[in-house]
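A.B. asks: As input, take entry-v3.txt (compact mmCIF, C-alpha atoms):
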```
# COMPACT_ATOMS: atom_id res chain seq x y z
CA MET A 1 19.11 -6.57 10.97
CA ASN A 2 16.58 -3.89 11.81
CA GLN A 3 14.39 -4.00 14.88
CA PRO A 4 10.96 -4.78 13.34
CA LEU A 5 12.32 -7.81 11.53
CA LYS A 6 14.21 -9.05 14.58
CA THR A 7 10.96 -8.92 16.54
CA ALA A 8 8.87 -10.58 13.83
CA LEU A 9 11.16 -13.57 13.13
CA SER A 10 11.71 -16.24 15.75
CA PRO A 11 15.29 -17.60 15.98
CA GLN A 12 13.96 -20.86 14.54
CA GLN A 13 12.36 -19.07 11.58
CA LEU A 14 15.55 -17.14 10.87
CA GLU A 15 17.41 -20.46 10.92
CA THR A 16 14.96 -21.90 8.38
CA LEU A 17 15.32 -18.89 6.07
CA LEU A 18 19.10 -19.26 6.24
CA THR A 19 18.69 -22.91 5.21
CA ILE A 20 16.45 -22.30 2.19
CA GLY A 21 18.16 -19.03 1.20
CA LYS A 22 21.30 -18.44 -0.85
CA VAL A 23 23.82 -15.77 0.13
CA ARG A 24 24.61 -13.53 -2.84
CA SER A 25 26.66 -10.42 -3.47
CA ILE A 26 25.47 -7.66 -5.73
CA SER A 27 27.43 -4.61 -6.83
CA MET A 28 26.41 -0.99 -6.66
CA GLY A 29 24.38 -0.03 -9.73
CA GLU A 30 23.18 -3.58 -10.44
CA TYR A 31 19.55 -4.64 -10.26
CA PHE A 32 18.07 -7.39 -8.13
CA ILE A 33 14.92 -7.22 -10.29
CA ARG A 34 14.38 -5.18 -13.46
CA ALA A 35 11.11 -3.66 -14.65
CA GLY A 36 9.61 -6.12 -17.14
CA GLU A 37 10.91 -9.25 -15.37
CA THR A 38 8.54 -11.63 -13.63
CA PRO A 39 10.04 -12.06 -10.16
CA ARG A 40 10.72 -15.60 -8.98
CA LYS A 41 12.70 -14.62 -5.89
CA PHE A 42 12.86 -12.13 -3.07
CA ALA A 43 15.64 -11.37 -0.61
CA LEU A 44 16.55 -10.35 2.87
CA LEU A 45 19.06 -7.49 2.78
CA LYS A 46 22.07 -8.28 4.97
CA THR A 47 24.31 -5.31 4.15
CA GLY A 48 24.01 -2.46 1.70
CA LEU A 49 21.32 -0.14 0.43
CA PHE A 50 18.68 -0.51 -2.29
CA ARG A 51 15.87 1.46 -3.84
CA TYR A 52 12.66 0.63 -5.65
CA VAL A 53 12.51 2.89 -8.69
CA TYR A 54 9.94 3.54 -11.40
CA ILE A 55 11.15 5.08 -14.65
CA ASN A 56 8.39 6.67 -16.72
CA ASN A 57 8.26 6.96 -20.53
CA LYS A 58 10.02 10.34 -20.37
CA GLY A 59 12.92 8.73 -18.50
CA ILE A 60 11.98 10.44 -15.25
CA GLU A 61 12.88 8.42 -12.16
CA TYR A 62 10.60 8.11 -9.17
CA THR A 63 12.13 6.50 -6.09
CA LYS A 64 9.26 4.55 -4.59
CA GLY A 65 11.12 3.19 -1.59
CA ILE A 66 14.46 2.92 0.18
CA LEU A 67 15.57 -0.42 1.62
CA LEU A 68 18.00 -0.88 4.47
CA GLU A 69 19.78 -3.72 6.21
CA GLY A 70 17.17 -6.16 7.57
CA ASP A 71 14.50 -5.21 5.05
CA PHE A 72 12.97 -7.63 2.58
CA LEU A 73 13.46 -6.77 -1.09
CA SER A 74 10.65 -7.82 -3.39
CA SER A 75 8.46 -6.71 -6.21
CA TYR A 76 5.68 -8.26 -4.20
CA SER A 77 2.54 -7.60 -6.29
CA ALA A 78 4.31 -8.87 -9.41
CA MET A 79 5.75 -11.90 -7.60
CA ILE A 80 2.48 -13.13 -6.11
CA THR A 81 0.54 -12.56 -9.34
CA GLN A 82 3.46 -13.85 -11.48
CA THR A 83 3.33 -10.81 -13.76
CA PRO A 84 6.15 -8.47 -14.85
CA SER A 85 7.47 -6.01 -12.30
CA PHE A 86 6.78 -2.35 -13.03
CA PHE A 87 9.76 -1.11 -11.06
CA PHE A 88 13.49 -1.80 -10.67
CA ILE A 89 15.17 -2.94 -7.47
CA GLU A 90 18.55 -1.22 -7.68
CA ALA A 91 21.62 -1.62 -5.46
CA LEU A 92 22.82 1.82 -4.34
CA GLU A 93 25.82 0.26 -2.56
CA ASP A 94 27.69 -3.02 -2.86
CA ALA A 95 25.40 -5.35 -1.00
CA GLU A 96 24.95 -8.82 0.44
CA LEU A 97 21.61 -10.58 0.23
CA LEU A 98 19.96 -13.74 1.39
CA GLU A 99 18.08 -14.68 -1.76
CA ILE A 100 14.95 -16.82 -1.38
CA ASP A 101 13.24 -18.69 -4.17
CA TYR A 102 9.53 -17.80 -4.26
CA ASN A 103 8.40 -21.41 -4.77
CA ASN A 104 10.47 -22.60 -1.82
CA TRP A 105 8.90 -19.86 0.27
CA LEU A 106 5.38 -20.88 -0.78
CA GLU A 107 6.13 -24.45 0.19
CA LEU A 108 7.30 -23.30 3.62
CA LEU A 109 4.21 -21.11 4.06
CA HIS A 110 1.84 -23.94 3.20
CA LYS A 111 3.45 -26.70 5.23
CA ASP A 112 4.21 -24.79 8.44
CA ALA A 113 1.45 -22.71 10.08
CA THR A 114 3.90 -20.52 12.02
CA TRP A 115 4.75 -18.60 8.83
CA ALA A 116 1.29 -17.12 8.24
CA PRO A 117 1.44 -14.78 11.28
CA PHE A 118 4.92 -13.70 10.16
CA LEU A 119 3.67 -12.92 6.66
CA ILE A 120 0.71 -11.01 8.13
CA LYS A 121 3.12 -8.90 10.20
CA MET A 122 5.28 -8.16 7.16
CA LEU A 123 2.26 -7.26 4.99
CA GLU A 124 0.85 -5.02 7.70
CA LYS A 125 4.20 -3.31 8.14
CA ALA A 126 4.38 -2.71 4.38
CA PHE A 127 0.78 -1.49 4.32
CA ILE A 128 1.39 1.02 7.12
CA LYS A 129 4.55 2.27 5.41
CA LYS A 130 2.78 2.69 2.06
CA GLU A 131 -0.17 4.50 3.60
CA LYS A 132 2.14 6.85 5.53
CA ARG A 133 4.05 7.67 2.37
CA GLU A 134 0.86 8.33 0.38
CA ARG A 135 -0.44 10.58 3.16
CA GLU A 136 2.80 12.54 3.42
CA LEU A 137 2.93 13.14 -0.33
CA LEU A 138 -0.66 14.38 -0.28
CA LEU A 139 -0.89 16.32 2.94
CA LEU A 140 2.56 17.68 3.78
CA ASP A 141 4.69 20.29 2.06
CA ALA A 142 8.10 19.30 0.68
CA SER A 143 10.04 20.84 3.55
CA THR A 144 8.11 18.83 6.16
CA ARG A 145 8.48 15.69 4.05
CA TYR A 146 12.24 16.24 4.02
CA SER A 147 12.36 16.69 7.83
CA ASN A 148 10.32 13.52 8.27
CA PHE A 149 12.63 11.67 5.89
CA LEU A 150 15.66 12.64 8.02
CA LYS A 151 13.88 11.36 11.14
CA GLU A 152 12.75 8.14 9.50
CA TYR A 153 16.14 7.37 7.96
CA PRO A 154 18.72 8.78 10.39
CA ASN A 155 22.31 8.84 9.15
CA ILE A 156 21.32 7.84 5.66
CA GLU A 157 21.66 11.18 3.91
CA HIS A 158 25.39 10.82 3.16
CA ARG A 159 24.74 7.38 1.61
CA LEU A 160 22.30 8.73 -1.01
CA ARG A 161 22.89 11.07 -3.93
CA GLN A 162 20.80 14.24 -3.77
CA HIS A 163 18.78 13.51 -6.91
CA ILE A 164 17.66 10.21 -5.36
CA ILE A 165 16.49 11.91 -2.17
CA ALA A 166 14.67 14.50 -4.32
CA SER A 167 13.04 11.78 -6.42
CA TYR A 168 11.96 10.04 -3.19
CA LEU A 169 10.40 13.27 -1.91
CA GLY A 170 8.68 13.91 -5.22
CA ILE A 171 10.50 17.20 -5.88
CA GLN A 172 13.20 18.58 -8.20
CA PRO A 173 16.83 18.49 -6.99
CA GLU A 174 16.86 22.34 -7.07
CA SER A 175 13.91 22.45 -4.68
CA LEU A 176 15.75 20.10 -2.34
CA SER A 177 18.80 22.42 -2.35
CA ARG A 178 16.57 25.37 -1.48
CA ILE A 179 14.91 23.44 1.36
CA LYS A 180 18.27 22.38 2.80
CA LYS A 181 19.60 25.94 2.65
CA LYS A 182 16.56 27.21 4.56
CA LEU A 183 16.81 24.50 7.22
CA ARG A 184 20.49 25.20 7.90
CA PRO A 185 20.91 26.94 11.30
CA MET B 1 -20.77 -9.29 -2.87
CA ASN B 2 -17.91 -8.86 -5.30
CA GLN B 3 -16.07 -11.78 -6.84
CA PRO B 4 -12.69 -11.58 -5.01
CA LEU B 5 -14.38 -11.62 -1.62
CA LYS B 6 -16.73 -14.45 -2.56
CA THR B 7 -13.70 -16.52 -3.55
CA ALA B 8 -11.70 -15.66 -0.45
CA LEU B 9 -14.35 -16.42 2.17
CA SER B 10 -15.58 -19.97 2.72
CA PRO B 11 -19.34 -20.31 3.36
CA GLN B 12 -18.46 -21.25 6.95
CA GLN B 13 -16.33 -18.13 7.39
CA LEU B 14 -19.08 -15.92 5.98
CA GLU B 15 -21.48 -17.56 8.47
CA THR B 16 -19.08 -16.75 11.34
CA LEU B 17 -18.74 -13.12 10.25
CA LEU B 18 -22.53 -12.83 10.11
CA THR B 19 -22.65 -14.15 13.69
CA ILE B 20 -20.10 -11.77 15.17
CA GLY B 21 -21.14 -8.80 12.99
CA LYS B 22 -23.95 -6.30 13.46
CA VAL B 23 -26.05 -5.14 10.51
CA ARG B 24 -26.21 -1.34 10.41
CA SER B 25 -27.64 1.29 8.09
CA ILE B 26 -25.81 4.49 7.33
CA SER B 27 -27.14 7.45 5.35
CA MET B 28 -25.52 9.21 2.43
CA GLY B 29 -23.13 11.89 3.66
CA GLU B 30 -22.48 10.22 7.02
CA TYR B 31 -19.13 8.85 8.10
CA PHE B 32 -18.30 5.31 9.17
CA ILE B 33 -15.00 6.62 10.59
CA ARG B 34 -13.86 10.25 10.88
CA ALA B 35 -10.29 11.52 10.64
CA GLY B 36 -9.02 11.87 14.22
CA GLU B 37 -10.98 8.89 15.56
CA THR B 38 -9.21 5.72 16.66
CA PRO B 39 -11.03 2.92 14.80
CA ARG B 40 -12.39 0.06 16.87
CA LYS B 41 -14.44 -1.52 14.09
CA PHE B 42 -14.40 -2.32 10.42
CA ALA B 43 -17.22 -3.39 8.13
CA LEU B 44 -18.25 -5.46 5.17
CA LEU B 45 -20.21 -3.32 2.71
CA LYS B 46 -23.49 -5.02 1.79
CA THR B 47 -25.11 -2.30 -0.31
CA GLY B 48 -24.12 1.25 -1.13
CA LEU B 49 -20.99 3.15 -2.00
CA PHE B 50 -18.24 4.69 0.14
CA ARG B 51 -15.01 6.58 -0.27
CA TYR B 52 -11.84 7.03 1.76
CA VAL B 53 -11.05 10.74 1.73
CA TYR B 54 -8.18 12.84 3.05
CA ILE B 55 -8.85 16.54 3.63
CA ASN B 56 -5.70 18.65 3.84
CA ASN B 57 -5.20 21.83 5.87
CA LYS B 58 -6.38 23.95 2.93
CA GLY B 59 -9.65 22.00 2.83
CA ILE B 60 -8.71 20.24 -0.38
CA GLU B 61 -10.19 16.74 -0.68
CA TYR B 62 -8.25 13.79 -2.01
CA THR B 63 -10.29 10.65 -2.66
CA LYS B 64 -7.93 7.85 -1.75
CA GLY B 65 -10.24 4.97 -2.58
CA ILE B 66 -13.73 3.97 -3.69
CA LEU B 67 -15.50 1.07 -1.98
CA LEU B 68 -18.20 -1.06 -3.49
CA GLU B 69 -20.57 -3.80 -2.41
CA GLY B 70 -18.53 -6.73 -1.05
CA ASP B 71 -15.52 -4.59 -0.07
CA PHE B 72 -14.24 -4.27 3.47
CA LEU B 73 -14.26 -0.74 4.90
CA SER B 74 -11.48 0.03 7.36
CA SER B 75 -8.91 2.57 8.33
CA TYR B 76 -6.61 -0.41 8.62
CA SER B 77 -3.25 1.12 9.60
CA ALA B 78 -4.94 3.19 12.30
CA MET B 79 -7.00 0.26 13.53
CA ILE B 80 -4.13 -2.20 13.94
CA THR B 81 -1.86 0.39 15.55
CA GLN B 82 -4.76 1.86 17.59
CA THR B 83 -3.93 5.42 16.52
CA PRO B 84 -6.21 8.10 15.05
CA SER B 85 -7.31 7.69 11.45
CA PHE B 86 -5.94 10.25 9.00
CA PHE B 87 -8.83 9.87 6.58
CA PHE B 88 -12.64 9.80 6.59
CA ILE B 89 -14.77 6.85 5.46
CA GLU B 90 -17.78 8.58 3.91
CA ALA B 91 -21.04 7.07 2.64
CA LEU B 92 -21.73 8.35 -0.88
CA GLU B 93 -25.09 6.56 -0.95
CA ASP B 94 -27.46 5.23 1.71
CA ALA B 95 -25.75 1.99 2.67
CA GLU B 96 -26.04 -1.21 4.65
CA LEU B 97 -23.02 -2.62 6.47
CA LEU B 98 -22.04 -5.64 8.46
CA GLU B 99 -20.08 -3.96 11.25
CA ILE B 100 -17.42 -6.03 13.00
CA ASP B 101 -15.80 -5.15 16.30
CA TYR B 102 -12.00 -5.22 15.97
CA ASN B 103 -11.46 -7.04 19.26
CA ASN B 104 -13.95 -9.74 18.30
CA TRP B 105 -12.12 -10.11 15.00
CA LEU B 106 -8.74 -10.43 16.75
CA GLU B 107 -10.17 -13.13 18.99
CA LEU B 108 -11.39 -15.04 15.94
CA LEU B 109 -8.04 -14.65 14.19
CA HIS B 110 -6.11 -15.99 17.17
CA LYS B 111 -8.32 -18.92 18.05
CA ASP B 112 -9.02 -20.27 14.55
CA ALA B 113 -6.09 -20.86 12.15
CA THR B 114 -8.29 -20.76 9.03
CA TRP B 115 -8.55 -16.95 9.30
CA ALA B 116 -4.85 -16.20 8.77
CA PRO B 117 -4.86 -17.28 5.08
CA PHE B 118 -8.00 -15.19 4.56
CA LEU B 119 -6.34 -12.12 6.11
CA ILE B 120 -3.24 -12.71 3.97
CA LYS B 121 -5.43 -12.75 0.85
CA MET B 122 -7.17 -9.53 1.87
CA LEU B 123 -3.88 -7.78 2.67
CA GLU B 124 -2.33 -8.91 -0.59
CA LYS B 125 -5.38 -7.71 -2.52
CA ALA B 126 -5.14 -4.31 -0.78
CA PHE B 127 -1.39 -4.17 -1.42
CA ILE B 128 -1.81 -4.89 -5.14
CA LYS B 129 -4.56 -2.26 -5.40
CA LYS B 130 -2.44 0.36 -3.60
CA GLU B 131 0.62 -0.33 -5.72
CA LYS B 132 -1.42 -0.14 -8.94
CA ARG B 133 -2.89 3.18 -7.87
CA GLU B 134 0.53 4.61 -6.97
CA ARG B 135 1.94 3.47 -10.31
CA GLU B 136 -0.92 4.94 -12.31
CA LEU B 137 -0.62 8.30 -10.58
CA LEU B 138 3.11 8.37 -11.29
CA LEU B 139 3.39 6.86 -14.73
CA LEU B 140 0.14 7.55 -16.61
CA ASP B 141 -1.35 10.79 -17.87
CA ALA B 142 -4.75 11.90 -16.56
CA SER B 143 -6.62 10.80 -19.67
CA THR B 144 -5.29 7.23 -19.43
CA ARG B 145 -6.03 7.20 -15.70
CA TYR B 146 -9.62 8.15 -16.46
CA SER B 147 -9.98 5.38 -19.07
CA ASN B 148 -8.55 2.86 -16.61
CA PHE B 149 -10.93 4.10 -13.93
CA LEU B 150 -13.90 3.45 -16.23
CA LYS B 151 -12.65 -0.07 -16.89
CA GLU B 152 -11.92 -0.80 -13.23
CA TYR B 153 -15.26 0.56 -12.00
CA PRO B 154 -17.75 -0.13 -14.80
CA ASN B 155 -21.19 1.49 -14.43
CA ILE B 156 -20.08 3.54 -11.47
CA GLU B 157 -19.71 6.92 -13.13
CA HIS B 158 -23.36 7.94 -12.73
CA ARG B 159 -23.17 7.08 -9.01
CA LEU B 160 -20.35 9.56 -8.33
CA ARG B 161 -20.28 13.34 -8.53
CA GLN B 162 -17.72 14.69 -10.98
CA HIS B 163 -15.58 16.45 -8.36
CA ILE B 164 -15.18 13.12 -6.53
CA ILE B 165 -14.01 11.36 -9.69
CA ALA B 166 -11.60 14.25 -10.33
CA SER B 167 -10.26 14.08 -6.76
CA TYR B 168 -9.78 10.33 -7.18
CA LEU B 169 -7.82 10.90 -10.39
CA GLY B 170 -5.73 13.64 -8.79
CA ILE B 171 -6.90 16.35 -11.20
CA GLN B 172 -9.12 19.46 -11.17
CA PRO B 173 -12.82 19.04 -12.13
CA GLU B 174 -12.20 21.33 -15.15
CA SER B 175 -9.48 18.97 -16.41
CA LEU B 176 -11.88 16.04 -16.08
CA SER B 177 -14.49 17.91 -18.19
CA ARG B 178 -11.87 18.55 -20.89
CA ILE B 179 -10.80 14.87 -20.88
CA LYS B 180 -14.42 13.68 -21.17
CA LYS B 181 -15.11 16.07 -24.06
CA LYS B 182 -12.06 14.76 -25.93
CA LEU B 183 -13.01 11.11 -25.36
CA ARG B 184 -16.56 11.58 -26.66
CA PRO B 185 -16.94 9.94 -30.08
```
Once more with this new file: its structure as structure tokens, please.
C.D. replies:
Amino acid sequence: MNQPLKTALSPQQLETLLTIGKVRSISMGEYFIRAGETPRKFALLKTGLFRYVYINNKGIEYTKGILLEGDFLSSYSAMITQTPSFFFIEALEDAELLEIDYNNWLELLHKDATWAPFLIKMLEKAFIKKEKRERELLLLDASTRYSNFLKEYPNIEHRLRQHIIASYLGIQPESLSRIKKKLRP
Amino acid sequence: MNQPLKTALSPQQLETLLTIGKVRSISMGEYFIRAGETPRKFALLKTGLFRYVYINNKGIEYTKGILLEGDFLSSYSAMITQTPSFFFIEALEDAELLEIDYNNWLELLHKDATWAPFLIKMLEKAFIKKEKRERELLLLDASTRYSNFLKEYPNIEHRLRQHIIASYLGIQPESLSRIKKKLRP
């Protein structure tokens, strides 16, 4: 589990999540949530790698986020408003999840006051991440975005296909190849 | 005050905010927060209009968000991490604010459990708004984004200069003129 989550969850809270959650395997290429589905569950990623991906009406993919061990997977806006998800949550590796039913989670949140500060921490973490990503797309050139990506996700490059990294950086795969060639010592 | 905020705040909570807050006027063109400053306050907008704006190293403006009466103004990521803000919070009209000191807010949040659900609602609202904006920029053409903008912010167009609307939509002012000409009946 990654460090931020470890810090945010007390051992007791982790225990509770393990009790209400269901361990589930999912194979590479499968979806945890598809665009168009109204999400009734979210998950804690135990092992494996996922992405959030939008596909526009021309079939162009845009990788909105990359999820690692210890991250929560959810189409959050859609789940809390009970409306269809606009993006897919796709397994990029065979993975193991702790799946949590949204209604069970709501029950927990409303009956036990220790969960609100946890949820606030998670929302703030997500907010900071989203704002950073927006800023980088707007203010930094592609080469700097790629360098930052390598720093933010160390040792992940060999786990992702190049077109996915490019679609995360908002560039064409050919541009990514050019950037990598230039950065090589 | 706008509807979502009215619903989220109890009369008692609004009373408390009025007690710890300080009413302040700010003139059109002034900044509530500047890029580079570490925010120690946020505000509830009583009257007037603001924007969040990034300015990149080529001097190009990108209007990240538009804030109306009843909205909270904050460089939230920067405030909670106590790091410099990356964007400006600029008054687009003479405005009146209820300014709240961040430390006073934290005190309130920690001593009174009724504030956590309120903060969760505000964070979720911001998260939904951010995700919608990201999706529209990625998946919709400029003309549809403009139509959606008019629906989302009715009667606001005459309060904003055209280059600000264009920079909110992520297009050049000339493109906005073309779109408006086409949409005219």
A.B. asks: Within 12 Å of chain B, which residues of chain A show up when using only C-alpha atoms, listed as a ChimeraX atom specification?
C.D. replies: /A:53-65,75-81,83,85-87,109-110,112-141,167,170
A.B. asks: Excluding Gly29 (chain B) and any residue of its chain fewer than 6 positions from it, enumerate the residues within 12 Å of it, using all atoms listed in the file, and give them as a PDB file with C-alpha atoms, in the coordinates of the input.
C.D. replies:
```
ATOM      1  CA  GLY B  48     -24.120   1.250  -1.130  1.00  0.00           C
ATOM      2  CA  LEU B  49     -20.990   3.150  -2.000  1.00  0.00           C
ATOM      3  CA  PHE B  50     -18.240   4.690   0.140  1.00  0.00           C
ATOM      4  CA  ARG B  51     -15.010   6.580  -0.270  1.00  0.00           C
ATOM      5  CA  PHE B  88     -12.640   9.800   6.590  1.00  0.00           C
ATOM      6  CA  ILE B  89     -14.770   6.850   5.460  1.00  0.00           C
ATOM      7  CA  GLU B  90     -17.780   8.580   3.910  1.00  0.00           C
ATOM      8  CA  ALA B  91     -21.040   7.070   2.640  1.00  0.00           C
ATOM      9  CA  LEU B  92     -21.730   8.350  -0.880  1.00  0.00           C
ATOM     10  CA  GLU B  93     -25.090   6.560  -0.950  1.00  0.00           C
ATOM     11  CA  ASP B  94     -27.460   5.230   1.710  1.00  0.00           C
ATOM     12  CA  ALA B  95     -25.750   1.990   2.670  1.00  0.00           C
TER      13      ALA B  95
END
```
A.B. asks: Quick check, in Å to one decimal: how far apart do CA of Lys182 (chain B) and CA of Leu160 (chain B) lie?
C.D. replies: 20.1 Å
A.B. asks: Need the shell around Gln162 (chain A): protein/DNA/RNA residues with any atom at most 12 Å away, counting only C-alpha atoms. Skip same-chain ones fewer than 6 positions apart. Format as number ranges by chain?
C.D. replies: A: 63, 146, 156, 168-169, 171-177, 180
A.B. asks: Neighbours of Glu99 (chain B) within 8 Å (all atoms listed in the file; same-chain residues fewer than 6 positions away dropped), as an mmCIF file with C-alpha atoms, in the frame of the given file?
C.D. replies:
```
data_model
loop_
_atom_site.group_PDB
_atom_site.id
_atom_site.type_symbol
_atom_site.label_atom_id
_atom_site.label_comp_id
_atom_site.auth_asym_id
_atom_site.auth_seq_id
_atom_site.Cartn_x
_atom_site.Cartn_y
_atom_site.Cartn_z
ATOM 1 C CA GLY B 21 -21.140 -8.800 12.990
ATOM 2 C CA LYS B 22 -23.950 -6.300 13.460
ATOM 3 C CA VAL B 23 -26.050 -5.140 10.510
ATOM 4 C CA ARG B 24 -26.210 -1.340 10.410
ATOM 5 C CA LYS B 41 -14.440 -1.520 14.090
ATOM 6 C CA PHE B 42 -14.400 -2.320 10.420
ATOM 7 C CA ALA B 43 -17.220 -3.390 8.130
ATOM 8 C CA LEU B 44 -18.250 -5.460 5.170
#
```
A.B. asks: What is the CA of Ser143 (chain A)-CA of Pro84 (chain B) distance in Å, reported with one decimal?
C.D. replies: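 These atoms are spaced 23.6 Å apart.
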A.B. asks: Between CA of Ile20 (chain A) and CA of Thr47 (chain A), what distance in Å does the model show, to one decimal?
C.D. replies: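 CA of Thr47 (chain A) lies at a distance of 18.8 Å from CA of Ile20 (chain A).
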A.B. asks: Write out as a list in words the residues lying within 8 Å of Lys46 (chain B), counting all atoms listed in the file and excluding same-chain residues fewer than 6 positions away.
C.D. replies: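 Counting only the stated atoms, we get Met1, Glu69, Gly70, Ala95, Glu96, Leu97 and Leu98 of chain B.
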